[in-house]
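See structure below.
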Amino acid sequence: MPRPKKERLVRRPPLYTEFKPAGVMRNSLKQVVLELDELEAIRLADYLGMDHSEAAEEMEISRSTFTRLVEKARKKIAVFLVEGLNLSIEGGNIHFRGNVIQCLDCGHMFNTGFDVNITKCPACGSERLVDLAGGFGHGACCRGHNHRGRR
Ligand SMILES: [Zn+2]
Ligand SMILES: [Zn+2]
């Protein structure tokens, strides 16, 4: 019996987490937070063009939940663009299926899983690596989600 799954699954951590109008100081702006599951909904439906039932399956949520999620996300992005807010991407009740590691020396980024321990950049051998899932407070908790789903 699979245990009940409440967390929404996100393919991998996003590369950019902070957006604001150019030339305006961050602390003079209103703040809006786009949660990681909301960004994933936008990525699947609008960036990749998946239909809602396919995207819902990818995140392991119901189709109606997905539709509400993507509508909420679009509304936030619309307000961000029209009113010019500071938008940060964080939070959400999620786990990642896979991770992304970035090398601080050569800039190389590579996809990895949570059951492997990478200490050196495969491109330049540097040990100065940034763990993107770790930056969102994820890591070991996401284990076991990377092989689920149909792809
Ligand atoms: Zn490197
Ligand atoms: Zn996690």
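Identifiers for the structure tokens are assigned positionally: chains receive A, B, ... in sequence, residues are indexed from 1 per chain, and ligands are indexed from 1 in the order shown.
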
> Counting only C-alpha atoms and all ligand atoms, what residues are within 8 Å of ligand 2, given as a ChimeraX atom specification?
Replying inline: /A:94-96,133,137-143

Hey, can you spit out that residue selection with N, CA and C atoms as a PDB file, in the first residue's frame?
ATOM      1  N   ILE A  94       6.082  20.719  -0.823  1.00  0.00           N
ATOM      2  CA  ILE A  94       6.624  19.976  -1.968  1.00  0.00           C
ATOM      3  C   ILE A  94       7.807  19.098  -1.570  1.00  0.00           C
ATOM      4  N   HIS A  95       8.144  18.195  -2.454  1.00  0.00           N
ATOM      5  CA  HIS A  95       9.470  17.572  -2.478  1.00  0.00           C
ATOM      6  C   HIS A  95       9.939  17.617  -3.922  1.00  0.00           C
ATOM      7  N   PHE A  96      11.258  17.563  -4.084  1.00  0.00           N
ATOM      8  CA  PHE A  96      11.828  17.532  -5.437  1.00  0.00           C
ATOM      9  C   PHE A  96      12.047  16.092  -5.867  1.00  0.00           C
ATOM     10  N   ALA A 133      18.663  22.274  -4.170  1.00  0.00           N
ATOM     11  CA  ALA A 133      17.570  21.785  -3.306  1.00  0.00           C
ATOM     12  C   ALA A 133      17.861  22.158  -1.854  1.00  0.00           C
ATOM     13  N   GLY A 137      15.928  24.149   1.642  1.00  0.00           N
ATOM     14  CA  GLY A 137      15.690  23.332   2.831  1.00  0.00           C
ATOM     15  C   GLY A 137      15.293  21.897   2.498  1.00  0.00           C
ATOM     16  N   HIS A 138      15.612  21.455   1.268  1.00  0.00           N
ATOM     17  CA  HIS A 138      15.288  20.078   0.897  1.00  0.00           C
ATOM     18  C   HIS A 138      16.566  19.286   0.687  1.00  0.00           C
ATOM     19  N   GLY A 139      16.401  17.981   0.574  1.00  0.00           N
ATOM     20  CA  GLY A 139      17.553  17.101   0.393  1.00  0.00           C
ATOM     21  C   GLY A 139      17.123  15.691   0.726  1.00  0.00           C
ATOM     22  N   ALA A 140      17.558  15.204   1.872  1.00  0.00           N
ATOM     23  CA  ALA A 140      17.242  13.829   2.265  1.00  0.00           C
ATOM     24  C   ALA A 140      15.736  13.574   2.299  1.00  0.00           C
ATOM     25  N   CYS A 141      14.949  14.594   2.656  1.00  0.00           N
ATOM     26  CA  CYS A 141      13.486  14.432   2.719  1.00  0.00           C
ATOM     27  C   CYS A 141      12.880  14.093   1.368  1.00  0.00           C
ATOM     28  N   CYS A 142      13.577  14.435   0.291  1.00  0.00           N
ATOM     29  CA  CYS A 142      13.032  14.223  -1.053  1.00  0.00           C
ATOM     30  C   CYS A 142      13.337  12.820  -1.584  1.00  0.00           C
ATOM     31  N   ARG A 143      14.164  12.084  -0.873  1.00  0.00           N
ATOM     32  CA  ARG A 143      14.550  10.752  -1.335  1.00  0.00           C
ATOM     33  C   ARG A 143      13.338   9.871  -1.558  1.00  0.00           C
TER      34      ARG A 143
END

Residues of chain A that approach ligand 1 to 7 Å or less, counting only C-alpha atoms and all ligand atoms: could you list each one with the shortest pair of atoms and its distance in Å to one decimal, rows by chain and increasing residue number, as a Markdown table?
| residue | atom | partner | partner_atom_place_in_ligand_line | distance |
| --- | --- | --- | --- | --- |
| A:Cys103 | CA | ligand 1 | 1 (Zn) | 4.6 |
| A:Leu104 | CA | ligand 1 | 1 (Zn) | 6.7 |
| A:Asp105 | CA | ligand 1 | 1 (Zn) | 5.2 |
| A:Cys106 | CA | ligand 1 | 1 (Zn) | 4.1 |
| A:Gly107 | CA | ligand 1 | 1 (Zn) | 6.0 |
| A:His108 | CA | ligand 1 | 1 (Zn) | 5.3 |
| A:Cys121 | CA | ligand 1 | 1 (Zn) | 4.6 |
| A:Pro122 | CA | ligand 1 | 1 (Zn) | 6.7 |
| A:Ala123 | CA | ligand 1 | 1 (Zn) | 5.0 |
| A:Cys124 | CA | ligand 1 | 1 (Zn) | 4.1 |
| A:Gly125 | CA | ligand 1 | 1 (Zn) | 5.9 |
| A:Ser126 | CA | ligand 1 | 1 (Zn) | 5.2 |

>> For a test of reading the model, state the distance in Å between atom CA of A:Leu69 and atom CA of A:Gly134, rounded to one decimal.
In response: 24.1 Å

>> Just to confirm, what's the straight-line distance from atom CA of A:Lys72 to atom CA of A:Asp46 in Å (one decimal)?
In response: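 Atom-to-atom, atom CA of A:Lys72 to atom CA of A:Asp46, that is 13.4 Å.
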
>> With DSSP run on the backbone, what are the alpha helix (DSSP H) residues within chain A? I'd like them as a PyMOL selection string.
In response: chain A and resi 36-42+52-59+63-83+132-135

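Within 9 Å of A:Glu7, once only C-alpha atoms are used and residues closer than 5 positions along the same chain are dropped, the contacting residues are Met59, Glu60, Ile61, Gly92, Asn93, Ile94 and His95 of chain A.
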
>> Would you pick out the contacts of A:Met109 at 12 Å or less, using only C-alpha atoms, so that residues sharing its chain but fewer than 6 positions from it are not included, and give the list as a VMD selection string?
In response: chain A and resid 13 to 15 99 to 103 120 to 124 129 to 132

Take the selection from the previous step and output its residues with N, CA and C atoms, as a JSON list (two decimals), in the first residue's frame.
[["chain", "number", "residue", "atom", "x", "y", "z"],
["A", 13, "PRO", "N", 14.82, 21.75, -8.50],
["A", 13, "PRO", "CA", 14.82, 23.13, -8.00],
["A", 13, "PRO", "C", 15.00, 24.16, -9.11],
["A", 14, "PRO", "N", 14.31, 25.30, -9.02],
["A", 14, "PRO", "CA", 14.49, 26.36, -10.02],
["A", 14, "PRO", "C", 15.85, 27.04, -9.88],
["A", 15, "LEU", "N", 16.33, 27.61, -10.97],
["A", 15, "LEU", "CA", 17.65, 28.25, -10.97],
["A", 15, "LEU", "C", 17.60, 29.68, -10.44],
["A", 99, "ASN", "N", 17.67, 16.77, -8.11],
["A", 99, "ASN", "CA", 18.38, 17.97, -7.64],
["A", 99, "ASN", "C", 19.22, 18.57, -8.76],
["A", 100, "VAL", "N", 19.66, 19.80, -8.55],
["A", 100, "VAL", "CA", 20.59, 20.46, -9.46],
["A", 100, "VAL", "C", 21.76, 20.97, -8.61],
["A", 101, "ILE", "N", 22.96, 20.72, -9.10],
["A", 101, "ILE", "CA", 24.17, 21.20, -8.43],
["A", 101, "ILE", "C", 24.83, 22.21, -9.37],
["A", 102, "GLN", "N", 25.27, 23.32, -8.79],
["A", 102, "GLN", "CA", 25.96, 24.33, -9.59],
["A", 102, "GLN", "C", 27.38, 24.48, -9.08],
["A", 103, "CYS", "N", 28.32, 24.57, -10.03],
["A", 103, "CYS", "CA", 29.73, 24.75, -9.67],
["A", 103, "CYS", "C", 30.04, 26.25, -9.62],
["A", 120, "LYS", "N", 32.58, 16.67, -6.25],
["A", 120, "LYS", "CA", 33.45, 17.34, -7.23],
["A", 120, "LYS", "C", 32.67, 17.65, -8.50],
["A", 121, "CYS", "N", 32.93, 18.81, -9.08],
["A", 121, "CYS", "CA", 32.32, 19.18, -10.35],
["A", 121, "CYS", "C", 32.83, 18.24, -11.44],
["A", 122, "PRO", "N", 31.92, 17.59, -12.20],
["A", 122, "PRO", "CA", 32.38, 16.68, -13.27],
["A", 122, "PRO", "C", 33.07, 17.42, -14.41],
["A", 123, "ALA", "N", 32.87, 18.74, -14.51],
["A", 123, "ALA", "CA", 33.50, 19.49, -15.62],
["A", 123, "ALA", "C", 34.89, 19.97, -15.25],
["A", 124, "CYS", "N", 35.08, 20.52, -14.04],
["A", 124, "CYS", "CA", 36.39, 21.12, -13.72],
["A", 124, "CYS", "C", 37.03, 20.54, -12.46],
["A", 129, "LEU", "N", 30.73, 23.62, -4.68],
["A", 129, "LEU", "CA", 29.46, 23.29, -5.32],
["A", 129, "LEU", "C", 28.30, 23.85, -4.51],
["A", 130, "VAL", "N", 27.26, 24.29, -5.22],
["A", 130, "VAL", "CA", 26.03, 24.75, -4.56],
["A", 130, "VAL", "C", 24.94, 23.74, -4.83],
["A", 131, "ASP", "N", 24.29, 23.33, -3.76],
["A", 131, "ASP", "CA", 23.21, 22.35, -3.81],
["A", 131, "ASP", "C", 21.90, 23.14, -3.84],
["A", 132, "LEU", "N", 21.24, 23.19, -5.00],
["A", 132, "LEU", "CA", 20.05, 24.06, -5.12],
["A", 132, "LEU", "C", 18.89, 23.58, -4.25]]

>> Report as an MDAnalysis selection string all protein, DNA and RNA residues lying within 12 Å of stretch 24-27 of chain A, evaluated on only C-alpha atoms, omitting residues in the same chain fewer than 4 positions from it.
In response: chainID A and resid 18:20 31:32 84:88

>> Which residues are close to A:Arg43, i.e. within 12 Å by only C-alpha atoms, leaving aside same-chain residues fewer than 3 positions away? Reply as a PyMOL selection string.
In response: chain A and resi 10-14+36-40+46-52+55+58-59+69-70+73-74

> Leaving out A:Ile89 and any residue of its chain fewer than 3 positions from it, which residues lie within 6 Å of it when counting only C-alpha atoms, given as a PyMOL selection string?
Replying inline: chain A and resi 17+33-35

>> Taking the DSSP secondary structure from the backbone, can you list the residues of chain A that are strand (DSSP E), as an MDAnalysis selection string?
In response: chainID A and resid 8:10 18:19 31:34 86:89 94:96 99:103 109:112 129:131

>> I'd like the interatomic distance between atom CA of A:Ser62 and atom CA of A:Gly144, to a tenth of an Å.
In response: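 Taking atom CA of A:Ser62 and atom CA of A:Gly144, their separation equals 20.5 Å.
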